[in-house]
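Printed here is protein39.csv (CSV, C-alpha atoms):
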chain,number,residue,atom,x,y,z
A,1,MET,CA,0.0,0.0,0.0
A,2,LEU,CA,1.2,3.4,-0.8
A,3,PRO,CA,1.0,6.0,1.9
A,4,ARG,CA,-2.1,8.1,1.5
A,5,ARG,CA,-0.2,11.3,0.9
A,6,ILE,CA,1.6,9.9,-2.1
A,7,LEU,CA,-1.5,8.3,-3.5
A,8,LEU,CA,-3.2,11.6,-3.2
A,9,ALA,CA,-0.3,13.3,-5.0
A,10,LEU,CA,-0.4,10.7,-7.8
A,11,VAL,CA,-4.1,11.3,-8.3
A,12,VAL,CA,-4.0,15.1,-8.1
A,13,ALA,CA,-0.7,15.8,-9.9
A,14,PRO,CA,-1.7,14.7,-13.3
A,15,LEU,CA,-5.0,16.6,-13.0
A,16,GLY,CA,-3.2,19.7,-11.9
A,17,LEU,CA,-0.6,19.6,-14.6
A,18,ALA,CA,-2.9,18.9,-17.5
A,19,PRO,CA,-6.5,20.1,-17.4
A,20,VAL,CA,-7.3,17.7,-20.2
A,21,SER,CA,-10.8,16.3,-20.6
A,22,ALA,CA,-11.4,12.6,-20.5
A,23,HIS,CA,-11.8,12.4,-24.3
A,24,ALA,CA,-8.8,14.5,-25.3
A,25,ALA,CA,-7.7,13.3,-28.6
A,26,THR,CA,-4.4,13.5,-30.5
A,27,VAL,CA,-4.6,14.9,-34.0
A,28,GLN,CA,-1.7,14.3,-36.3
A,29,ILE,CA,-0.6,16.8,-39.0
A,30,VAL,CA,2.1,15.6,-41.3
A,31,MET,CA,4.6,18.0,-42.8
A,32,ASP,CA,5.8,16.5,-46.1
A,33,LYS,CA,7.3,18.2,-49.1
A,34,LEU,CA,6.6,21.6,-47.6
A,35,VAL,CA,2.9,21.0,-47.1
A,36,PHE,CA,0.8,20.7,-43.9
A,37,ALA,CA,-1.6,17.7,-44.3
A,38,PRO,CA,-4.4,18.0,-43.6
A,39,ALA,CA,-4.2,21.8,-44.0
A,40,GLN,CA,-7.3,22.3,-41.9
A,41,VAL,CA,-8.0,20.4,-38.7
A,42,GLN,CA,-10.9,20.5,-36.3
A,43,ALA,CA,-10.1,19.9,-32.6
A,44,LYS,CA,-11.2,20.7,-29.1
A,45,VAL,CA,-9.6,22.5,-26.2
A,46,GLY,CA,-7.5,19.9,-24.4
A,47,ASP,CA,-6.7,18.0,-27.6
A,48,THR,CA,-3.1,17.5,-28.6
A,49,ILE,CA,-1.8,18.5,-32.0
A,50,GLU,CA,1.1,16.4,-33.1
A,51,TRP,CA,3.1,17.7,-36.0
A,52,VAL,CA,5.2,15.1,-37.8
A,53,ASN,CA,7.9,16.5,-39.9
A,54,ARG,CA,8.9,14.1,-42.7
A,55,ASP,CA,11.0,16.7,-44.5
A,56,ILE,CA,14.8,17.0,-44.4
A,57,LEU,CA,14.3,20.6,-43.4
A,58,ALA,CA,13.3,22.2,-40.1
A,59,HIS,CA,9.8,23.7,-40.0
A,60,THR,CA,7.7,25.7,-37.6
A,61,ALA,CA,4.1,25.8,-36.8
A,62,THR,CA,3.6,29.5,-35.8
A,63,ALA,CA,0.3,31.2,-35.1
A,64,THR,CA,-0.1,34.0,-37.7
A,65,ALA,CA,-1.7,36.5,-35.3
A,66,GLY,CA,-0.2,37.4,-32.0
A,67,ASP,CA,2.3,35.3,-30.1
A,68,ASP,CA,-0.1,32.5,-29.3
A,69,TRP,CA,2.4,29.7,-30.1
A,70,ASN,CA,5.5,28.9,-32.1
A,71,VAL,CA,6.5,25.3,-32.4
A,72,ILE,CA,9.8,24.4,-34.0
A,73,ILE,CA,9.9,20.9,-35.6
A,74,GLY,CA,13.3,19.7,-36.7
A,75,PRO,CA,13.8,17.4,-39.7
A,76,ASN,CA,12.3,14.0,-39.1
A,77,LYS,CA,11.0,15.0,-35.7
A,78,THR,CA,7.6,15.2,-34.1
A,79,GLU,CA,6.4,17.9,-31.7
A,80,LYS,CA,3.2,18.3,-29.7
A,81,LEU,CA,1.1,21.1,-28.6
A,82,VAL,CA,-1.9,20.9,-26.2
A,83,LEU,CA,-4.6,23.3,-27.3
A,84,GLN,CA,-5.6,25.7,-24.5
A,85,LYS,CA,-8.0,28.2,-26.2
A,86,ALA,CA,-11.0,27.9,-28.4
A,87,GLY,CA,-11.1,29.7,-31.7
A,88,THR,CA,-9.9,29.5,-35.3
A,89,VAL,CA,-6.1,29.9,-35.6
A,90,ASP,CA,-4.3,30.4,-38.8
A,91,TYR,CA,-0.7,29.3,-38.7
A,92,TYR,CA,2.3,29.0,-41.0
A,93,CYS,CA,5.9,27.9,-41.2
A,94,LYS,CA,8.1,30.8,-40.4
A,95,TYR,CA,11.0,29.4,-42.4
A,96,HIS,CA,8.7,28.5,-45.4
A,97,PRO,CA,5.9,31.1,-45.4
A,98,ASN,CA,4.1,29.3,-48.2
A,99,MET,CA,3.2,26.5,-45.8
A,100,LYS,CA,-0.1,27.4,-44.3
A,101,GLY,CA,-2.5,25.6,-42.0
A,102,GLN,CA,-5.6,26.2,-39.9
A,103,LEU,CA,-6.9,24.9,-36.6
A,104,ILE,CA,-10.5,25.1,-35.7
A,105,ILE,CA,-10.6,24.7,-32.0
A,106,ALA,CA,-14.0,24.0,-30.3
A,107,PRO,CA,-14.4,24.8,-26.6
B,1,MET,CA,27.1,18.3,-75.0
B,2,LEU,CA,28.4,19.7,-71.7
B,3,ALA,CA,30.8,22.0,-73.6
B,4,LYS,CA,27.9,23.6,-75.5
B,5,LEU,CA,26.0,24.1,-72.3
B,6,THR,CA,29.0,25.6,-70.6
B,7,ALA,CA,29.5,28.0,-73.5
B,8,ALA,CA,25.9,29.1,-73.1
B,9,LEU,CA,26.5,29.6,-69.4
B,10,ALA,CA,29.7,31.5,-69.9
B,11,ALA,CA,28.1,33.8,-72.4
B,12,THR,CA,25.3,34.8,-70.1
B,13,CYS,CA,27.2,34.3,-66.8
B,14,LEU,CA,23.9,32.8,-65.6
B,15,LEU,CA,22.4,29.4,-65.1
B,16,SER,CA,19.9,29.7,-67.8
B,17,GLY,CA,17.3,27.0,-67.7
B,18,ALA,CA,16.6,27.4,-71.5
B,19,ALA,CA,20.3,27.0,-72.4
B,20,LEU,CA,20.6,23.9,-70.2
B,21,ALA,CA,17.5,22.4,-71.7
B,22,GLN,CA,18.7,22.7,-75.2
B,23,SER,CA,22.0,21.0,-75.0
B,24,ALA,CA,22.9,19.2,-71.8
B,25,LYS,CA,22.6,15.7,-70.6
B,26,PRO,CA,24.9,15.7,-67.6
B,27,THR,CA,25.8,12.6,-65.7
B,28,ASP,CA,24.6,11.9,-62.2
B,29,ALA,CA,28.1,12.7,-60.9
B,30,GLN,CA,28.0,16.0,-62.6
B,31,ILE,CA,24.4,16.7,-61.6
B,32,ALA,CA,25.3,16.1,-58.0
B,33,HIS,CA,28.2,18.5,-58.3
B,34,ILE,CA,26.1,21.2,-60.0
B,35,ALA,CA,23.3,21.0,-57.4
B,36,TYR,CA,25.7,21.0,-54.5
B,37,THR,CA,27.6,24.0,-56.0
B,38,ALA,CA,24.4,25.9,-56.5
B,39,GLY,CA,23.5,25.4,-52.9
B,40,GLU,CA,27.0,26.4,-51.6
B,41,ILE,CA,26.8,29.6,-53.6
B,42,ASP,CA,23.5,30.5,-52.0
B,43,ILE,CA,24.8,29.8,-48.5
B,44,ASP,CA,27.9,31.9,-49.2
B,45,VAL,CA,26.0,34.9,-50.4
B,46,ALA,CA,23.5,34.5,-47.5
B,47,LYS,CA,26.4,34.8,-45.1
B,48,GLN,CA,27.5,37.9,-46.9
B,49,ALA,CA,24.0,39.3,-46.3
B,50,LEU,CA,24.1,38.3,-42.7
B,51,ALA,CA,27.4,40.2,-42.3
B,52,LYS,CA,26.1,43.3,-44.1
B,53,SER,CA,22.4,43.7,-43.8
B,54,LYS,CA,20.5,45.2,-40.8
B,55,ASN,CA,17.1,44.7,-42.3
B,56,LYS,CA,15.0,42.2,-40.3
B,57,GLU,CA,13.2,40.6,-43.2
B,58,VAL,CA,16.4,40.3,-45.2
B,59,ARG,CA,18.3,38.8,-42.4
B,60,SER,CA,15.6,36.3,-41.7
B,61,PHE,CA,15.4,35.3,-45.3
B,62,ALA,CA,19.2,34.9,-45.4
B,63,GLU,CA,19.0,32.7,-42.3
B,64,ASP,CA,16.4,30.6,-44.0
B,65,MET,CA,18.7,30.2,-47.0
B,66,VAL,CA,21.6,29.0,-44.8
B,67,ARG,CA,19.4,26.6,-42.9
B,68,ASP,CA,17.7,25.0,-45.9
B,69,HIS,CA,20.6,24.8,-48.3
B,70,THR,CA,22.8,23.4,-45.6
B,71,ALA,CA,20.1,20.7,-44.9
B,72,VAL,CA,19.6,19.9,-48.6
B,73,ASN,CA,23.4,19.7,-49.3
B,74,LYS,CA,24.0,17.5,-46.3
B,75,GLN,CA,21.4,15.2,-47.7
B,76,ALA,CA,23.1,15.3,-51.1
B,77,LEU,CA,26.5,14.5,-49.5
B,78,ASP,CA,24.9,11.5,-47.6
B,79,LEU,CA,23.3,10.3,-50.8
B,80,VAL,CA,26.4,10.4,-53.0
B,81,LYS,CA,28.3,8.6,-50.2
B,82,LYS,CA,25.7,6.0,-50.1
B,83,LEU,CA,25.6,5.6,-53.9
B,84,LYS,CA,29.4,5.7,-54.0
B,85,VAL,CA,29.2,8.5,-56.6
B,86,LYS,CA,32.0,11.0,-56.6
B,87,PRO,CA,30.6,14.4,-57.5
B,88,GLU,CA,32.5,15.5,-60.6
B,89,ASP,CA,33.6,19.0,-61.2
B,90,ASN,CA,32.5,20.3,-64.5
B,91,ASP,CA,32.4,23.4,-66.6
B,92,THR,CA,28.8,24.2,-65.6
B,93,SER,CA,29.8,24.1,-61.9
B,94,ARG,CA,32.9,26.3,-62.7
B,95,ALA,CA,30.8,28.8,-64.7
B,96,LEU,CA,28.3,29.0,-61.8
B,97,SER,CA,31.1,29.6,-59.3
B,98,LYS,CA,32.7,32.3,-61.5
B,99,ALA,CA,29.4,34.1,-61.9
B,100,ALA,CA,28.7,33.9,-58.2
B,101,ALA,CA,32.1,35.3,-57.3
B,102,ASP,CA,31.5,38.2,-59.7
B,103,LYS,CA,28.1,38.8,-58.1
B,104,LYS,CA,29.5,38.7,-54.6
B,105,ALA,CA,32.1,41.3,-55.5
B,106,GLU,CA,29.4,43.5,-57.0
B,107,LEU,CA,27.3,43.2,-53.8
B,108,ALA,CA,30.3,43.9,-51.6
B,109,LYS,CA,30.4,47.4,-53.0
B,110,LEU,CA,26.8,48.1,-51.9
B,111,ASN,CA,25.5,49.0,-48.5
B,112,GLY,CA,22.3,49.5,-46.5
B,113,GLY,CA,19.1,49.6,-48.6
B,114,ASP,CA,21.0,49.3,-51.9
B,115,PHE,CA,22.6,46.1,-50.7
B,116,ASP,CA,19.3,44.7,-49.4
B,117,LYS,CA,17.5,45.3,-52.7
B,118,ALA,CA,20.3,44.0,-54.9
B,119,TYR,CA,20.8,40.9,-52.7
B,120,VAL,CA,17.1,40.0,-52.6
B,121,SER,CA,16.4,40.6,-56.2
B,122,ASN,CA,19.4,38.6,-57.2
B,123,GLU,CA,18.1,35.8,-54.9
B,124,ALA,CA,14.8,35.8,-56.7
B,125,ALA,CA,16.5,35.7,-60.1
B,126,TYR,CA,19.0,33.1,-59.0
B,127,HIS,CA,16.4,30.7,-57.6
B,128,LYS,CA,14.3,31.2,-60.7
B,129,ARG,CA,17.2,30.2,-63.0
B,130,VAL,CA,18.3,27.2,-60.8
B,131,ASN,CA,14.7,26.0,-60.7
B,132,GLY,CA,14.4,26.3,-64.4
B,133,ALA,CA,17.6,24.2,-64.8
B,134,LEU,CA,16.3,21.6,-62.3
B,135,GLU,CA,13.0,21.3,-64.1
B,136,THR,CA,14.2,21.2,-67.6
B,137,THR,CA,17.6,19.5,-67.4
B,138,LEU,CA,18.9,18.2,-64.1
B,139,ILE,CA,15.8,16.3,-62.9
B,140,PRO,CA,15.0,14.8,-66.4
B,141,SER,CA,18.7,13.8,-66.8
B,142,ALA,CA,19.2,12.2,-63.4
B,143,ASN,CA,19.4,8.4,-63.7
B,144,ASN,CA,19.4,7.4,-60.1
B,145,ALA,CA,15.9,7.4,-58.6
B,146,GLU,CA,17.1,8.7,-55.2
B,147,LEU,CA,19.0,11.5,-56.8
B,148,LYS,CA,16.0,12.4,-58.9
B,149,SER,CA,13.8,12.4,-55.8
B,150,LEU,CA,16.2,14.6,-53.8
B,151,LEU,CA,16.4,17.1,-56.7
B,152,GLN,CA,12.6,17.1,-56.8
B,153,THR,CA,12.5,17.9,-53.1
B,154,GLY,CA,15.1,20.6,-53.7
B,155,LEU,CA,13.0,22.1,-56.5
B,156,LYS,CA,10.0,22.3,-54.2
B,157,VAL,CA,12.1,24.0,-51.5
B,158,PHE,CA,13.8,26.4,-53.9
B,159,GLN,CA,10.5,27.4,-55.5
B,160,GLY,CA,9.4,28.4,-52.0
B,161,HIS,CA,12.7,30.4,-51.7
B,162,GLN,CA,12.0,32.1,-55.0
B,163,GLN,CA,8.5,33.2,-53.9
B,164,HIS,CA,9.8,34.2,-50.5
B,165,ALA,CA,12.5,36.3,-52.2
B,166,GLU,CA,10.0,37.9,-54.5
B,167,HIS,CA,7.8,38.7,-51.5
B,168,VAL,CA,10.7,40.4,-49.6
B,169,ALA,CA,11.8,42.2,-52.8
B,170,ALA,CA,8.3,43.7,-53.2
B,171,GLN,CA,8.4,44.9,-49.5
B,172,LEU,CA,11.7,46.6,-50.0
B,173,LYS,CA,10.4,48.7,-52.9

Mind converting the file's structure to structure tokens?
Amino acid sequence: MLPRRILLALVVAPLGLAPVSAHAATVQIVMDKLVFAPAQVQAKVGDTIEWVNRDILAHTATATAGDDWNVIIGPNKTEKLVLQKAGTVDYYCKYHPNMKGQLIIAP
Amino acid sequence: MLAKLTAALAATCLLSGAALAQSAKPTDAQIAHIAYTAGEIDIDVAKQALAKSKNKEVRSFAEDMVRDHTAVNKQALDLVKKLKVKPEDNDTSRALSKAAADKKAELAKLNGGDFDKAYVSNEAAYHKRVNGALETTLIPSANNAELKSLLQTGLKVFQGHQQHAEHVAAQLK
């Protein structure tokens, strides 16, 4: 038996760290030959976006407006982002501004 | 064949896609050398821009050029190693290097906004020519499927660079 305090910490800590709903999903977006696919994705607050970079180049997923987020994905790397806010976010690759995508995030 | 191509290049001092299309059928070893040289030239001039320019857009573009061309050229080196192909220097590569050295000397004399404009407009033109050469000659001439595929990826990347350069050039006007 674990001491009660530790047990409590184990239960509470994950909840405290990630306010993720029970049905949080992971949505994958592949970056291949300088294209985000799919270019438009629907998700919910709490879902995780996973960008998989299959190119030999570094890319970013950067919100077009404001400083919401800026994820750098190295060549052949995968990076994740947990969605915190509802809304429609246009994003692009800072290094290759032709690469554009959109997240439609439901509350 | 290659001599004719080189003569065309030397005459214009440019990598003209049309000239390449008409006459050349370079070997894979030569294609690898030409593609690698074209990348190194762009890295070199981007470093010149990073040393000279204070414009945020221009510097960020130059950083993109160093990052992407370094990545593509590293991939090219890995591939030729794997295929045991020795990149072969050739008159096209030499003409490219000569034209690039002249351009670099020309840019070295410019400063501030004049340098920025000249650098970015040259980048747009340079990528356009290299892309033309890739499309009409280098990609169709490549025998090895992996080399062809890398050149196709390169073309996609460099088309993006061309558009990016054109965009920055328009902003500088």

Proximity check chain A to chain B, 7 Å, nearest pairs one decimal Å, only C-alpha atoms, as a tab-separated table:
residue	atom	partner	partner_atom	distance
A:Lys33	CA	B:Thr153	CA	6.6
A:Ile56	CA	B:Ala71	CA	6.5
A:Leu57	CA	B:Ala71	CA	6.0
A:Tyr95	CA	B:Asp64	CA	5.8
A:His96	CA	B:Gly160	CA	6.6
A:Asn98	CA	B:Gly160	CA	6.6

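Comparing the minimum interatomic distances between Phe36 in chain A and each of A:Ile105, A:Gly74, A:Lys100, A:Asp90, counting all atoms listed in the file, we find that A:Lys100 sits nearest.
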
Quiz item: In Å to one decimal, how far is CA of Leu134 in chain B from CA of Met31 in chain A?
Solution: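 Interatomic distance here is 23.0 Å.
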
Exercise. State, in Å with one decimal place, the distance from CA of Val27 in chain A to CA of Val52 in chain A.
Key: 10.5 Å

Quiz item: Skipping near chain neighbours, those fewer than 5 positions away, what residues fall within 12 Å of Trp51 in chain A using only C-alpha atoms, listed as an MDAnalysis selection string?
Solution: chainID A and resid 26:32 35:39 41 58:62 71:82 93 101

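Here CA of Leu83 in chain B stands at a distance of 9.1 Å from CA of Glu146 in chain B.
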
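If only C-alpha atoms are the atoms counted, then among B:Ser97, B:Asn73, B:Gln162, B:Asn144 the closest residue to Ser121 in chain B is B:Gln162.
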
What's the 12 Å shell around Gly112 in chain B, counting all atoms listed in the file, without same-chain residues fewer than 5 positions away, as a CSV table (one decimal) with C-alpha atoms, keeping the file's coordinate frame?
chain,number,residue,atom,x,y,z
B,49,ALA,CA,24.0,39.3,-46.3
B,50,LEU,CA,24.1,38.3,-42.7
B,51,ALA,CA,27.4,40.2,-42.3
B,52,LYS,CA,26.1,43.3,-44.1
B,53,SER,CA,22.4,43.7,-43.8
B,54,LYS,CA,20.5,45.2,-40.8
B,55,ASN,CA,17.1,44.7,-42.3
B,58,VAL,CA,16.4,40.3,-45.2
B,107,LEU,CA,27.3,43.2,-53.8
B,117,LYS,CA,17.5,45.3,-52.7
B,118,ALA,CA,20.3,44.0,-54.9
B,119,TYR,CA,20.8,40.9,-52.7
B,172,LEU,CA,11.7,46.6,-50.0

Tell me which protein, DNA and RNA residues are within 12 Å of Ala65 in chain A, counting only C-alpha atoms, leaving out same-chain ones fewer than 3 positions away, and put them as a JSON list (two decimals) with C-alpha atoms, keeping the file's coordinate frame.
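See part13.json below for the written result:
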[["chain", "number", "residue", "atom", "x", "y", "z"],
["A", 62, "THR", "CA", 3.60, 29.50, -35.80],
["A", 68, "ASP", "CA", -0.10, 32.50, -29.30],
["A", 69, "TRP", "CA", 2.40, 29.70, -30.10],
["A", 70, "ASN", "CA", 5.50, 28.90, -32.10],
["A", 88, "THR", "CA", -9.90, 29.50, -35.30],
["A", 89, "VAL", "CA", -6.10, 29.90, -35.60],
["A", 90, "ASP", "CA", -4.30, 30.40, -38.80],
["A", 91, "TYR", "CA", -0.70, 29.30, -38.70],
["A", 92, "TYR", "CA", 2.30, 29.00, -41.00],
["A", 102, "GLN", "CA", -5.60, 26.20, -39.90]]

Write a file for range 50-61 of chain A, containing all heavy atoms (output as a tab-separated table (two decimals), in the first residue's frame).
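Below is the file selection04.tsv, written as the result:
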chain	number	residue	atom	x	y	z
A	50	GLU	N	-0.23	17.00	-32.99
A	50	GLU	CA	1.08	16.38	-33.14
A	50	GLU	C	1.56	16.64	-34.57
A	50	GLU	O	0.95	16.17	-35.52
A	50	GLU	CB	0.93	14.88	-32.90
A	50	GLU	CG	2.20	14.13	-32.75
A	50	GLU	CD	1.93	12.67	-32.43
A	50	GLU	OE1	1.59	11.92	-33.36
A	50	GLU	OE2	2.04	12.30	-31.26
A	51	TRP	N	2.60	17.45	-34.70
A	51	TRP	CA	3.15	17.73	-36.03
A	51	TRP	C	4.29	16.76	-36.31
A	51	TRP	O	5.26	16.69	-35.55
A	51	TRP	CB	3.67	19.16	-36.13
A	51	TRP	CG	2.59	20.17	-36.30
A	51	TRP	CD1	1.93	20.49	-37.46
A	51	TRP	CD2	2.03	21.04	-35.30
A	51	TRP	NE1	1.01	21.50	-37.24
A	51	TRP	CE2	1.05	21.84	-35.93
A	51	TRP	CE3	2.26	21.21	-33.93
A	51	TRP	CZ2	0.31	22.80	-35.24
A	51	TRP	CZ3	1.54	22.15	-33.24
A	51	TRP	CH2	0.57	22.94	-33.89
A	52	VAL	N	4.16	16.02	-37.39
A	52	VAL	CA	5.18	15.06	-37.78
A	52	VAL	C	5.90	15.61	-39.01
A	52	VAL	O	5.31	15.76	-40.07
A	52	VAL	CB	4.53	13.69	-38.12
A	52	VAL	CG1	5.60	12.68	-38.52
A	52	VAL	CG2	3.70	13.18	-36.94
A	53	ASN	N	7.17	15.94	-38.84
A	53	ASN	CA	7.94	16.51	-39.94
A	53	ASN	C	8.68	15.41	-40.70
A	53	ASN	O	9.62	14.83	-40.18
A	53	ASN	CB	8.93	17.55	-39.39
A	53	ASN	CG	9.71	18.25	-40.49
A	53	ASN	OD1	9.52	17.95	-41.68
A	53	ASN	ND2	10.58	19.15	-40.10
A	54	ARG	N	8.25	15.13	-41.91
A	54	ARG	CA	8.91	14.10	-42.72
A	54	ARG	C	9.91	14.70	-43.69
A	54	ARG	O	10.50	13.99	-44.50
A	54	ARG	CB	7.87	13.31	-43.51
A	54	ARG	CG	6.94	12.53	-42.62
A	54	ARG	CD	6.43	11.25	-43.25
A	54	ARG	NE	5.56	10.59	-42.31
A	54	ARG	CZ	4.29	10.30	-42.53
A	54	ARG	NH1	3.75	10.56	-43.71
A	54	ARG	NH2	3.57	9.71	-41.60
A	55	ASP	N	10.07	16.02	-43.64
A	55	ASP	CA	11.02	16.67	-44.54
A	55	ASP	C	12.43	16.64	-43.96
A	55	ASP	O	12.63	16.39	-42.77
A	55	ASP	CB	10.59	18.13	-44.79
A	55	ASP	CG	9.51	18.23	-45.86
A	55	ASP	OD1	9.45	17.34	-46.73
A	55	ASP	OD2	8.73	19.19	-45.83
A	56	ILE	N	13.40	16.94	-44.83
A	56	ILE	CA	14.78	17.00	-44.38
A	56	ILE	C	15.10	18.40	-43.83
A	56	ILE	O	16.23	18.67	-43.44
A	56	ILE	CB	15.75	16.67	-45.54
A	56	ILE	CG1	15.49	17.59	-46.74
A	56	ILE	CG2	15.59	15.20	-45.96
A	56	ILE	CD1	16.52	17.47	-47.84
A	57	LEU	N	14.08	19.26	-43.83
A	57	LEU	CA	14.27	20.63	-43.37
A	57	LEU	C	13.54	20.87	-42.07
A	57	LEU	O	12.55	20.22	-41.78
A	57	LEU	CB	13.67	21.60	-44.40
A	57	LEU	CG	14.05	21.38	-45.86
A	57	LEU	CD1	13.11	22.17	-46.74
A	57	LEU	CD2	15.48	21.80	-46.07
A	58	ALA	N	14.03	21.84	-41.32
A	58	ALA	CA	13.31	22.25	-40.12
A	58	ALA	C	12.09	23.07	-40.53
A	58	ALA	O	12.14	23.81	-41.51
A	58	ALA	CB	14.22	23.08	-39.23
A	59	HIS	N	10.99	22.90	-39.80
A	59	HIS	CA	9.80	23.70	-40.03
A	59	HIS	C	9.34	24.29	-38.71
A	59	HIS	O	9.78	23.88	-37.65
A	59	HIS	CB	8.67	22.83	-40.60
A	59	HIS	CG	8.92	22.35	-42.00
A	59	HIS	ND1	9.24	23.21	-43.03
A	59	HIS	CD2	8.90	21.11	-42.55
A	59	HIS	CE1	9.40	22.52	-44.14
A	59	HIS	NE2	9.21	21.23	-43.89
A	60	THR	N	8.40	25.24	-38.80
A	60	THR	CA	7.74	25.70	-37.59
A	60	THR	C	6.23	25.67	-37.82
A	60	THR	O	5.77	25.66	-38.96
A	60	THR	CB	8.10	27.17	-37.21
A	60	THR	OG1	7.38	28.07	-38.06
A	60	THR	CG2	9.59	27.43	-37.31
A	61	ALA	N	5.51	25.61	-36.74
A	61	ALA	CA	4.07	25.84	-36.78
A	61	ALA	C	3.88	27.07	-35.90
A	61	ALA	O	4.03	27.00	-34.68
A	61	ALA	CB	3.30	24.65	-36.24
